[in-house]
file protein-v5.cif (mmCIF, C-alpha atoms)
data_structure
loop_
_atom_site.group_PDB
_atom_site.id
_atom_site.type_symbol
_atom_site.label_atom_id
_atom_site.label_comp_id
_atom_site.auth_asym_id
_atom_site.auth_seq_id
_atom_site.Cartn_x
_atom_site.Cartn_y
_atom_site.Cartn_z
ATOM 1 C CA LYS A 6 -25.983 15.697 -4.633
ATOM 2 C CA PRO A 7 -26.166 12.811 -7.136
ATOM 3 C CA LEU A 8 -22.987 10.895 -7.759
ATOM 4 C CA GLN A 9 -21.366 11.673 -11.078
ATOM 5 C CA GLU A 10 -19.466 9.106 -13.093
ATOM 6 C CA THR A 11 -16.411 11.346 -12.972
ATOM 7 C CA THR A 12 -16.595 11.273 -9.191
ATOM 8 C CA LEU A 13 -16.663 7.496 -9.172
ATOM 9 C CA ASN A 14 -13.709 7.114 -11.527
ATOM 10 C CA GLN A 15 -11.140 9.612 -10.290
ATOM 11 C CA PRO A 16 -7.607 8.229 -10.719
ATOM 12 C CA THR A 17 -6.100 7.157 -7.445
ATOM 13 C CA ALA A 18 -3.090 8.968 -6.053
ATOM 14 C CA LEU A 19 -0.035 6.740 -5.704
ATOM 15 C CA TYR A 20 -0.234 6.471 -1.940
ATOM 16 C CA THR A 21 -0.498 2.734 -1.502
ATOM 17 C CA THR A 22 3.193 2.197 -0.726
ATOM 18 C CA ALA A 23 3.679 5.496 1.092
ATOM 19 C CA LYS A 24 4.654 5.675 4.744
ATOM 20 C CA PHE A 25 2.957 8.334 6.787
ATOM 21 C CA GLU A 26 3.769 9.903 10.114
ATOM 22 C CA MET A 27 0.782 10.650 12.322
ATOM 23 C CA VAL A 28 1.293 14.107 13.820
ATOM 24 C CA GLY A 29 -1.969 14.628 15.720
ATOM 25 C CA GLN A 30 -5.649 15.486 15.678
ATOM 26 C CA VAL A 31 -7.148 18.989 15.549
ATOM 27 C CA GLU A 32 -10.569 19.708 17.106
ATOM 28 C CA ASP A 33 -11.256 15.957 17.069
ATOM 29 C CA THR A 34 -12.018 16.429 13.377
ATOM 30 C CA PHE A 35 -8.825 16.704 11.336
ATOM 31 C CA LEU A 36 -5.992 14.196 11.334
ATOM 32 C CA VAL A 37 -2.640 15.866 10.758
ATOM 33 C CA VAL A 38 -0.249 13.665 8.832
ATOM 34 C CA TYR A 39 3.212 14.007 7.298
ATOM 35 C CA LEU A 40 3.347 12.105 4.015
ATOM 36 C CA ASN A 41 5.782 12.260 1.082
ATOM 37 C CA GLY A 42 7.151 15.670 2.081
ATOM 38 C CA ASP A 43 3.730 17.245 2.563
ATOM 39 C CA VAL A 44 1.590 18.020 5.615
ATOM 40 C CA TYR A 45 -2.010 16.799 5.244
ATOM 41 C CA PHE A 46 -5.070 17.946 7.152
ATOM 42 C CA ILE A 47 -7.468 15.038 6.647
ATOM 43 C CA ASP A 48 -11.158 15.297 7.474
ATOM 44 C CA GLN A 49 -11.607 12.097 9.463
ATOM 45 C CA HIS A 50 -15.334 11.798 8.723
ATOM 46 C CA VAL A 51 -14.861 12.201 4.982
ATOM 47 C CA ALA A 52 -11.929 9.764 4.892
ATOM 48 C CA SER A 53 -13.974 7.228 6.869
ATOM 49 C CA GLU A 54 -16.906 7.801 4.528
ATOM 50 C CA ARG A 55 -14.722 7.014 1.509
ATOM 51 C CA VAL A 56 -13.493 3.794 3.143
ATOM 52 C CA ASN A 57 -17.009 2.635 4.052
ATOM 53 C CA TYR A 58 -18.412 3.615 0.674
ATOM 54 C CA GLU A 59 -15.870 1.526 -1.201
ATOM 55 C CA ILE A 60 -16.537 -1.444 1.079
ATOM 56 C CA LEU A 61 -20.280 -1.135 0.392
ATOM 57 C CA LEU A 62 -19.721 -0.621 -3.327
ATOM 58 C CA LYS A 63 -17.603 -3.769 -3.527
ATOM 59 C CA LYS A 64 -20.267 -5.735 -1.633
ATOM 60 C CA PHE A 65 -22.960 -4.327 -3.929
ATOM 61 C CA ARG A 66 -21.069 -5.344 -7.066
ATOM 62 C CA MET A 67 -20.646 -8.846 -5.631
ATOM 63 C CA GLY A 68 -24.310 -8.984 -4.618
ATOM 64 C CA SER A 69 -23.353 -9.516 -0.995
ATOM 65 C CA ILE A 70 -24.884 -6.567 0.875
ATOM 66 C CA GLN A 71 -26.631 -8.163 3.825
ATOM 67 C CA SER A 72 -30.327 -7.599 4.328
ATOM 68 C CA LYS A 73 -32.535 -7.860 7.382
ATOM 69 C CA LYS A 74 -36.168 -8.893 7.620
ATOM 70 C CA VAL A 75 -38.533 -6.149 8.769
ATOM 71 C CA LYS A 76 -42.214 -5.643 9.333
ATOM 72 C CA PRO A 77 -43.514 -5.376 5.736
ATOM 73 C CA ILE A 78 -43.396 -1.922 4.159
ATOM 74 C CA ASP A 79 -46.039 -1.287 1.488
ATOM 75 C CA VAL A 80 -45.038 1.243 -1.158
ATOM 76 C CA ALA A 81 -47.119 2.998 -3.763
ATOM 77 C CA VAL A 82 -45.052 2.434 -6.875
ATOM 78 C CA ASP A 83 -45.620 0.905 -10.294
ATOM 79 C CA ARG A 84 -44.946 -2.841 -10.081
ATOM 80 C CA PHE A 85 -43.452 -2.985 -13.578
ATOM 81 C CA THR A 86 -40.922 -0.301 -12.665
ATOM 82 C CA VAL A 87 -39.870 -2.410 -9.690
ATOM 83 C CA GLU A 88 -39.701 -5.592 -11.764
ATOM 84 C CA ASP A 89 -37.336 -3.867 -14.202
ATOM 85 C CA LYS A 90 -34.968 -3.060 -11.335
ATOM 86 C CA ILE A 91 -35.372 -6.141 -9.161
ATOM 87 C CA ASP A 92 -31.805 -7.414 -9.672
ATOM 88 C CA LEU A 93 -30.349 -4.025 -8.765
ATOM 89 C CA LEU A 94 -32.546 -3.776 -5.674
ATOM 90 C CA GLU A 95 -31.673 -7.262 -4.475
ATOM 91 C CA ARG A 96 -27.948 -6.626 -4.877
ATOM 92 C CA ALA A 97 -28.450 -3.490 -2.762
ATOM 93 C CA GLY A 98 -30.014 -5.553 0.044
ATOM 94 C CA PHE A 99 -33.740 -5.187 -0.664
ATOM 95 C CA LYS A 100 -36.228 -8.019 -1.019
ATOM 96 C CA VAL A 101 -39.738 -7.358 -2.287
ATOM 97 C CA GLU A 102 -43.011 -9.100 -2.904
ATOM 98 C CA ILE A 103 -45.261 -8.019 -5.758
ATOM 99 C CA LEU A 104 -48.886 -8.494 -4.741
ATOM 100 C CA GLY A 105 -51.141 -7.609 -7.648
ATOM 101 C CA ASP A 106 -50.786 -3.859 -8.043
ATOM 102 C CA ARG A 107 -48.961 -3.433 -4.721
ATOM 103 C CA VAL A 108 -45.289 -3.730 -3.857
ATOM 104 C CA ARG A 109 -44.184 -4.800 -0.400
ATOM 105 C CA ILE A 110 -40.644 -4.522 0.947
ATOM 106 C CA THR A 111 -39.867 -7.465 3.239
ATOM 107 C CA ASN A 112 -36.106 -7.046 3.703
ATOM 108 C CA ILE A 113 -33.948 -3.921 3.788
ATOM 109 C CA PRO A 114 -30.161 -3.336 3.779
ATOM 110 C CA VAL A 115 -28.773 -4.241 7.190
ATOM 111 C CA TYR A 116 -27.199 -0.801 7.627
ATOM 112 C CA THR A 117 -30.494 1.123 7.311
ATOM 113 C CA ASP A 118 -33.682 1.644 9.286
ATOM 114 C CA ARG A 119 -37.213 1.402 7.864
ATOM 115 C CA GLU A 120 -37.614 5.104 7.098
ATOM 116 C CA MET A 121 -34.239 5.456 5.398
ATOM 117 C CA ALA A 122 -34.672 2.200 3.470
ATOM 118 C CA LYS A 123 -38.086 3.204 2.116
ATOM 119 C CA ARG A 124 -36.749 6.566 0.954
ATOM 120 C CA LEU A 125 -33.698 5.007 -0.731
ATOM 121 C CA PHE A 126 -35.872 2.322 -2.324
ATOM 122 C CA LEU A 127 -38.154 4.930 -3.881
ATOM 123 C CA ASP A 128 -35.178 7.031 -4.998
ATOM 124 C CA ILE A 129 -33.733 4.028 -6.843
ATOM 125 C CA VAL A 130 -37.025 2.844 -8.326
ATOM 126 C CA ASN A 131 -38.052 6.303 -9.561
ATOM 127 C CA SER A 132 -34.629 7.265 -10.930
ATOM 128 C CA GLN A 133 -33.837 7.546 -14.620
ATOM 129 C CA THR A 134 -30.292 6.438 -13.751
ATOM 130 C CA PRO A 135 -30.924 3.685 -11.185
ATOM 131 C CA LEU A 136 -27.341 2.410 -11.036
ATOM 132 C CA LEU A 137 -25.974 5.855 -10.205
ATOM 133 C CA GLU A 138 -28.831 6.400 -7.771
ATOM 134 C CA THR A 139 -27.976 3.126 -6.036
ATOM 135 C CA GLU A 140 -24.358 4.205 -5.740
ATOM 136 C CA ARG A 141 -25.528 7.547 -4.317
ATOM 137 C CA ALA A 142 -27.646 5.638 -1.813
ATOM 138 C CA LEU A 143 -24.602 3.601 -0.793
ATOM 139 C CA GLY A 144 -22.771 6.881 -0.179
ATOM 140 C CA GLU A 145 -25.583 8.025 2.109
ATOM 141 C CA ILE A 146 -25.462 4.737 4.018
ATOM 142 C CA ALA A 147 -21.668 5.012 4.309
ATOM 143 C CA CYS A 148 -22.042 8.498 5.772
ATOM 144 C CA GLY A 149 -24.118 7.143 8.643
ATOM 145 C CA LEU A 150 -21.600 4.369 9.360
ATOM 146 C CA SER A 151 -18.567 6.614 9.472
ATOM 147 C CA THR A 152 -16.434 8.258 12.119
ATOM 148 C CA THR A 153 -17.890 11.675 12.885
ATOM 149 C CA ALA A 154 -16.366 15.122 13.179
ATOM 150 C CA GLY A 155 -15.784 15.811 16.857
ATOM 151 C CA GLU A 156 -15.044 12.163 17.653
ATOM 152 C CA PHE A 157 -11.729 11.582 19.380
ATOM 153 C CA LEU A 158 -9.552 8.914 17.777
ATOM 154 C CA ASP A 159 -6.608 7.506 19.650
ATOM 155 C CA GLN A 160 -3.329 6.877 17.832
ATOM 156 C CA LYS A 161 -4.183 3.301 16.908
ATOM 157 C CA GLU A 162 -7.680 4.141 15.645
ATOM 158 C CA ALA A 163 -6.343 7.046 13.580
ATOM 159 C CA GLU A 164 -3.600 4.916 12.038
ATOM 160 C CA ILE A 165 -6.048 2.155 11.102
ATOM 161 C CA LEU A 166 -8.305 4.703 9.398
ATOM 162 C CA LEU A 167 -5.365 6.273 7.569
ATOM 163 C CA LYS A 168 -4.099 2.930 6.299
ATOM 164 C CA GLN A 169 -7.568 2.031 5.035
ATOM 165 C CA TRP A 170 -7.985 5.441 3.409
ATOM 166 C CA LEU A 171 -4.623 5.228 1.628
ATOM 167 C CA LEU A 172 -5.702 1.951 0.025
ATOM 168 C CA THR A 173 -8.977 3.273 -1.408
ATOM 169 C CA ASP A 174 -9.474 3.635 -5.144
ATOM 170 C CA ASN A 175 -10.124 7.339 -4.745
ATOM 171 C CA PRO A 176 -8.396 8.880 -1.703
ATOM 172 C CA ASN A 177 -9.094 12.376 -3.028
ATOM 173 C CA LEU A 178 -12.878 12.729 -2.788
ATOM 174 C CA CYS A 179 -15.723 11.451 -0.635
ATOM 175 C CA PRO A 180 -18.641 9.713 -2.418
ATOM 176 C CA HIS A 181 -20.466 13.062 -2.638
ATOM 177 C CA GLY A 182 -17.510 14.817 -4.268
ATOM 178 C CA ARG A 183 -16.099 16.679 -1.229
ATOM 179 C CA PRO A 184 -12.317 16.853 -0.885
ATOM 180 C CA ILE A 185 -10.950 14.606 1.846
ATOM 181 C CA TYR A 186 -7.842 16.588 2.703
ATOM 182 C CA TYR A 187 -5.948 19.844 2.389
ATOM 183 C CA LYS A 188 -2.247 19.496 1.647
ATOM 184 C CA ILE A 189 0.570 21.944 2.363
ATOM 185 C CA PRO A 190 4.067 21.173 1.082
ATOM 186 C CA LEU A 191 6.587 21.270 3.902
ATOM 187 C CA GLU A 192 8.782 23.471 1.703
ATOM 188 C CA THR A 193 5.984 26.074 1.639
ATOM 189 C CA ILE A 194 5.801 26.050 5.433
ATOM 190 C CA LYS A 195 9.575 26.499 5.652
ATOM 191 C CA ARG A 196 9.439 29.492 3.323
ATOM 192 C CA LYS A 197 6.592 31.078 5.277
ATOM 193 C CA VAL A 198 8.575 30.952 8.520
ATOM 194 C CA LYS A 199 11.811 32.045 6.783
ATOM 195 C CA ARG A 200 13.365 28.632 7.281
ATOM 196 C CA LYS A 201 14.465 28.760 3.647
#
call {"tool": "encode", "arguments": {"input": "protein-v5.cif", "output": "structure tokens"}}
result
Amino acid sequence: KPLQETTLNQPTALYTTAKFEMVGQVEDTFLVVYLNGDVYFIDQHVASERVNYEILLKKFRMGSIQSKKVKPIDVAVDRFTVEDKIDLLERAGFKVEILGDRVRITNIPVYTDREMAKRLFLDIVNSQTPLLETERALGEIACGLSTTAGEFLDQKEAEILLKQWLLTDNPNLCPHGRPIYYKIPLETIKRKVKRK
């Protein structure tokens, strides 16, 4: 699903100074946290994805996404289209050579393999909204770097992830627009069990 500008600019919740209490982990997938009077069920993969995406996005905006040299990848794409987007591609970690009517990729983002890099390269080059497509590509890369569902996190690992997540610009949604958590007010739980 392409990134939407509204997804990228959601206002952050005021969590940055909040103190959380780590309650546990359910099915090695959801972190259970008590925060500001509410109980949160946080999808650890999606939270990790948000953290990694924002790190990549910051690197992209600074032009500091690392690239790695690979065996040259020839792509069938219009050279002028590539030339128009060369700055964007280089900031995303690609390096290319234009050889007559051919385009050759010589370096790809360090976090990708050849197949993924070629696909993302073509997605960016052929897009009518290349900046948004690049940001979508960064979200896909972040997904592959992130903690997975079903992965056990010990207390320290979970707390590090939570602290990083709370400091993101958008702790509400992953880069693809999925919600990161489900929140239940503690007062609601008390009412349900006739505590109040």
call {"tool": "atom_distance", "arguments": {"input": "protein-v5.cif", "atom1": "CA of Lys74 in chain A", "atom2": "CA of Asn112 in chain A"}}
result
4.3 Å
call {"tool": "closest_residue", "arguments": {"input": "protein-v5.cif", "among": "A:Lys197, A:Lys100, A:Arg66, A:Arg109", "to": "Val82 in chain A", "atoms": "only C-alpha atoms"}}
result
A:Arg109
call {"tool": "resolve_selection", "arguments": {"input": "protein-v5.cif", "expression": "the PyMOL selection byres ((chain A and resi 177-179) around 8)", "output": "compact mmCIF listing (two decimals) with C-alpha atoms, keeping the file's coordinate frame"}}
result
# COMPACT_ATOMS: atom_id res chain seq x y z
CA THR A 12 -16.60 11.27 -9.19
CA THR A 17 -6.10 7.16 -7.44
CA ALA A 18 -3.09 8.97 -6.05
CA VAL A 51 -14.86 12.20 4.98
CA ALA A 52 -11.93 9.76 4.89
CA GLU A 54 -16.91 7.80 4.53
CA ARG A 55 -14.72 7.01 1.51
CA ASN A 175 -10.12 7.34 -4.74
CA PRO A 176 -8.40 8.88 -1.70
CA PRO A 180 -18.64 9.71 -2.42
CA HIS A 181 -20.47 13.06 -2.64
CA GLY A 182 -17.51 14.82 -4.27
CA ARG A 183 -16.10 16.68 -1.23
CA PRO A 184 -12.32 16.85 -0.88
CA ILE A 185 -10.95 14.61 1.85
CA TYR A 186 -7.84 16.59 2.70
call {"tool": "closest_residue", "arguments": {"input": "protein-v5.cif", "among": "A:Val75, A:Ser151, A:Asp89, A:Phe46", "to": "Gln133 in chain A", "atoms": "all atoms listed in the file"}}
result
A:Asp89
call {"tool": "closest_residue", "arguments": {"input": "protein-v5.cif", "among": "A:Asp92, A:Asp106, A:Glu32, A:Asp174", "to": "Val80 in chain A", "atoms": "only C-alpha atoms"}}
result
A:Asp106
call {"tool": "resolve_selection", "arguments": {"input": "protein-v5.cif", "expression": "the PyMOL selection byres ((chain A and resi 114) around 12)", "output": "mmCIF file with C-alpha atoms, in the frame of the given file"}}
result
data_model
loop_
_atom_site.group_PDB
_atom_site.id
_atom_site.type_symbol
_atom_site.label_atom_id
_atom_site.label_comp_id
_atom_site.auth_asym_id
_atom_site.auth_seq_id
_atom_site.Cartn_x
_atom_site.Cartn_y
_atom_site.Cartn_z
ATOM 1 C CA LEU A 61 -20.280 -1.135 0.392
ATOM 2 C CA LYS A 64 -20.267 -5.735 -1.633
ATOM 3 C CA PHE A 65 -22.960 -4.327 -3.929
ATOM 4 C CA GLY A 68 -24.310 -8.984 -4.618
ATOM 5 C CA SER A 69 -23.353 -9.516 -0.995
ATOM 6 C CA ILE A 70 -24.884 -6.567 0.875
ATOM 7 C CA GLN A 71 -26.631 -8.163 3.825
ATOM 8 C CA SER A 72 -30.327 -7.599 4.328
ATOM 9 C CA LYS A 73 -32.535 -7.860 7.382
ATOM 10 C CA LYS A 74 -36.168 -8.893 7.620
ATOM 11 C CA VAL A 75 -38.533 -6.149 8.769
ATOM 12 C CA LEU A 94 -32.546 -3.776 -5.674
ATOM 13 C CA GLU A 95 -31.673 -7.262 -4.475
ATOM 14 C CA ARG A 96 -27.948 -6.626 -4.877
ATOM 15 C CA ALA A 97 -28.450 -3.490 -2.762
ATOM 16 C CA GLY A 98 -30.014 -5.553 0.044
ATOM 17 C CA PHE A 99 -33.740 -5.187 -0.664
ATOM 18 C CA LYS A 100 -36.228 -8.019 -1.019
ATOM 19 C CA ILE A 110 -40.644 -4.522 0.947
ATOM 20 C CA THR A 111 -39.867 -7.465 3.239
ATOM 21 C CA ASN A 112 -36.106 -7.046 3.703
ATOM 22 C CA ILE A 113 -33.948 -3.921 3.788
ATOM 23 C CA VAL A 115 -28.773 -4.241 7.190
ATOM 24 C CA TYR A 116 -27.199 -0.801 7.627
ATOM 25 C CA THR A 117 -30.494 1.123 7.311
ATOM 26 C CA ASP A 118 -33.682 1.644 9.286
ATOM 27 C CA ARG A 119 -37.213 1.402 7.864
ATOM 28 C CA GLU A 120 -37.614 5.104 7.098
ATOM 29 C CA MET A 121 -34.239 5.456 5.398
ATOM 30 C CA ALA A 122 -34.672 2.200 3.470
ATOM 31 C CA LYS A 123 -38.086 3.204 2.116
ATOM 32 C CA LEU A 125 -33.698 5.007 -0.731
ATOM 33 C CA PHE A 126 -35.872 2.322 -2.324
ATOM 34 C CA THR A 139 -27.976 3.126 -6.036
ATOM 35 C CA ALA A 142 -27.646 5.638 -1.813
ATOM 36 C CA LEU A 143 -24.602 3.601 -0.793
ATOM 37 C CA ILE A 146 -25.462 4.737 4.018
ATOM 38 C CA ALA A 147 -21.668 5.012 4.309
#
call {"tool": "closest_residue", "arguments": {"input": "protein-v5.cif", "among": "A:Ser53, A:Arg124, A:Leu171, A:Asp79", "to": "Glu102 in chain A", "atoms": "all atoms listed in the file"}}
result
A:Asp79
call {"tool": "closest_residue", "arguments": {"input": "protein-v5.cif", "among": "A:Leu127, A:Ile60, A:Ile47, A:Leu172", "to": "Ile78 in chain A", "atoms": "only C-alpha atoms"}}
result
A:Leu127
call {"tool": "closest_residue", "arguments": {"input": "protein-v5.cif", "among": "A:Ile103, A:Ala163, A:Leu137, A:Val38", "to": "Leu62 in chain A", "atoms": "all atoms listed in the file"}}
result
A:Leu137
call {"tool": "atom_distance", "arguments": {"input": "protein-v5.cif", "atom1": "CA of Glu88 in chain A", "atom2": "CA of Glu59 in chain A"}}
result
27.0 Å
call {"tool": "atom_distance", "arguments": {"input": "protein-v5.cif", "atom1": "CA of Glu138 in chain A", "atom2": "CA of Phe85 in chain A"}}
result
18.3 Å
call {"tool": "axis_aligned_box", "arguments": {"input": "protein-v5.cif", "around": "range 35-52 of chain A", "padding_each_side": "8 Å", "output": "lines of an AutoDock Vina configuration file"}}
result
center_x = -4.1
center_y = 13.9
center_z = 6.2
size_x = 38.5
size_y = 24.3
size_z = 26.3
call {"tool": "resolve_selection", "arguments": {"input": "protein-v5.cif", "expression": "the PyMOL selection byres ((chain A and resi 153) around 10)", "output": "JSON, numbers by chain"}}
result
{"A": [33, 34, 48, 49, 50, 51, 53, 54, 148, 149, 150, 151, 152, 154, 155, 156, 157]}
call {"tool": "decode", "arguments": {"input": "protein-v5.cif", "residues": "range 160-182 of chain A", "atoms": "N, CA and C atoms", "output": "CSV table (one decimal), in the first residue's frame"}}
result
chain,number,residue,atom,x,y,z
A,160,GLN,N,13.2,-8.9,29.0
A,160,GLN,CA,12.7,-7.6,29.6
A,160,GLN,C,13.5,-6.4,29.1
A,161,LYS,N,14.8,-6.6,29.0
A,161,LYS,CA,15.7,-5.5,28.6
A,161,LYS,C,15.4,-5.1,27.1
A,162,GLU,N,15.4,-6.2,26.3
A,162,GLU,CA,15.1,-5.9,24.8
A,162,GLU,C,13.8,-5.2,24.6
A,163,ALA,N,12.7,-5.7,25.3
A,163,ALA,CA,11.4,-5.1,25.2
A,163,ALA,C,11.4,-3.6,25.7
A,164,GLU,N,12.1,-3.3,26.8
A,164,GLU,CA,12.2,-2.0,27.3
A,164,GLU,C,12.9,-1.0,26.3
A,165,ILE,N,14.0,-1.5,25.7
A,165,ILE,CA,14.7,-0.7,24.7
A,165,ILE,C,13.8,-0.4,23.6
A,166,LEU,N,13.1,-1.4,23.0
A,166,LEU,CA,12.2,-1.2,21.9
A,166,LEU,C,11.1,-0.2,22.3
A,167,LEU,N,10.5,-0.3,23.5
A,167,LEU,CA,9.4,0.6,23.9
A,167,LEU,C,9.9,2.0,24.1
A,168,LYS,N,11.1,2.2,24.6
A,168,LYS,CA,11.7,3.6,24.8
A,168,LYS,C,11.9,4.2,23.4
A,169,GLN,N,12.4,3.4,22.4
A,169,GLN,CA,12.6,3.9,21.1
A,169,GLN,C,11.3,4.3,20.4
A,170,TRP,N,10.3,3.4,20.6
A,170,TRP,CA,9.0,3.6,20.0
A,170,TRP,C,8.3,4.9,20.6
A,171,LEU,N,8.4,5.1,21.9
A,171,LEU,CA,7.8,6.3,22.5
A,171,LEU,C,8.4,7.6,22.0
A,172,LEU,N,9.6,7.5,21.5
A,172,LEU,CA,10.3,8.7,21.0
A,172,LEU,C,10.1,9.0,19.5
A,173,THR,N,9.3,8.1,18.8
A,173,THR,CA,9.1,8.3,17.4
A,173,THR,C,8.2,9.5,17.1
A,174,ASP,N,8.3,10.0,15.9
A,174,ASP,CA,7.4,11.1,15.5
A,174,ASP,C,5.9,10.6,15.4
A,175,ASN,N,5.7,9.4,15.1
A,175,ASN,CA,4.4,8.9,15.0
A,175,ASN,C,4.2,7.5,15.6
A,176,PRO,N,4.0,7.5,16.9
A,176,PRO,CA,3.9,6.2,17.6
A,176,PRO,C,2.6,5.5,17.4
A,177,ASN,N,1.7,6.1,16.6
A,177,ASN,CA,0.4,5.5,16.4
A,177,ASN,C,0.3,4.5,15.2
A,178,LEU,N,1.0,4.7,14.2
A,178,LEU,CA,0.9,3.9,12.9
A,178,LEU,C,2.2,3.5,12.4
A,179,CYS,N,2.2,2.3,11.8
A,179,CYS,CA,3.5,1.8,11.1
A,179,CYS,C,3.6,2.6,9.8
A,180,PRO,N,4.7,2.5,9.1
A,180,PRO,CA,4.8,3.2,7.8
A,180,PRO,C,3.8,2.8,6.8
A,181,HIS,N,3.1,1.7,6.9
A,181,HIS,CA,2.1,1.3,5.9
A,181,HIS,C,0.7,1.7,6.4
A,182,GLY,N,0.6,2.3,7.6
A,182,GLY,CA,-0.7,2.8,8.0
A,182,GLY,C,-1.4,1.9,9.0
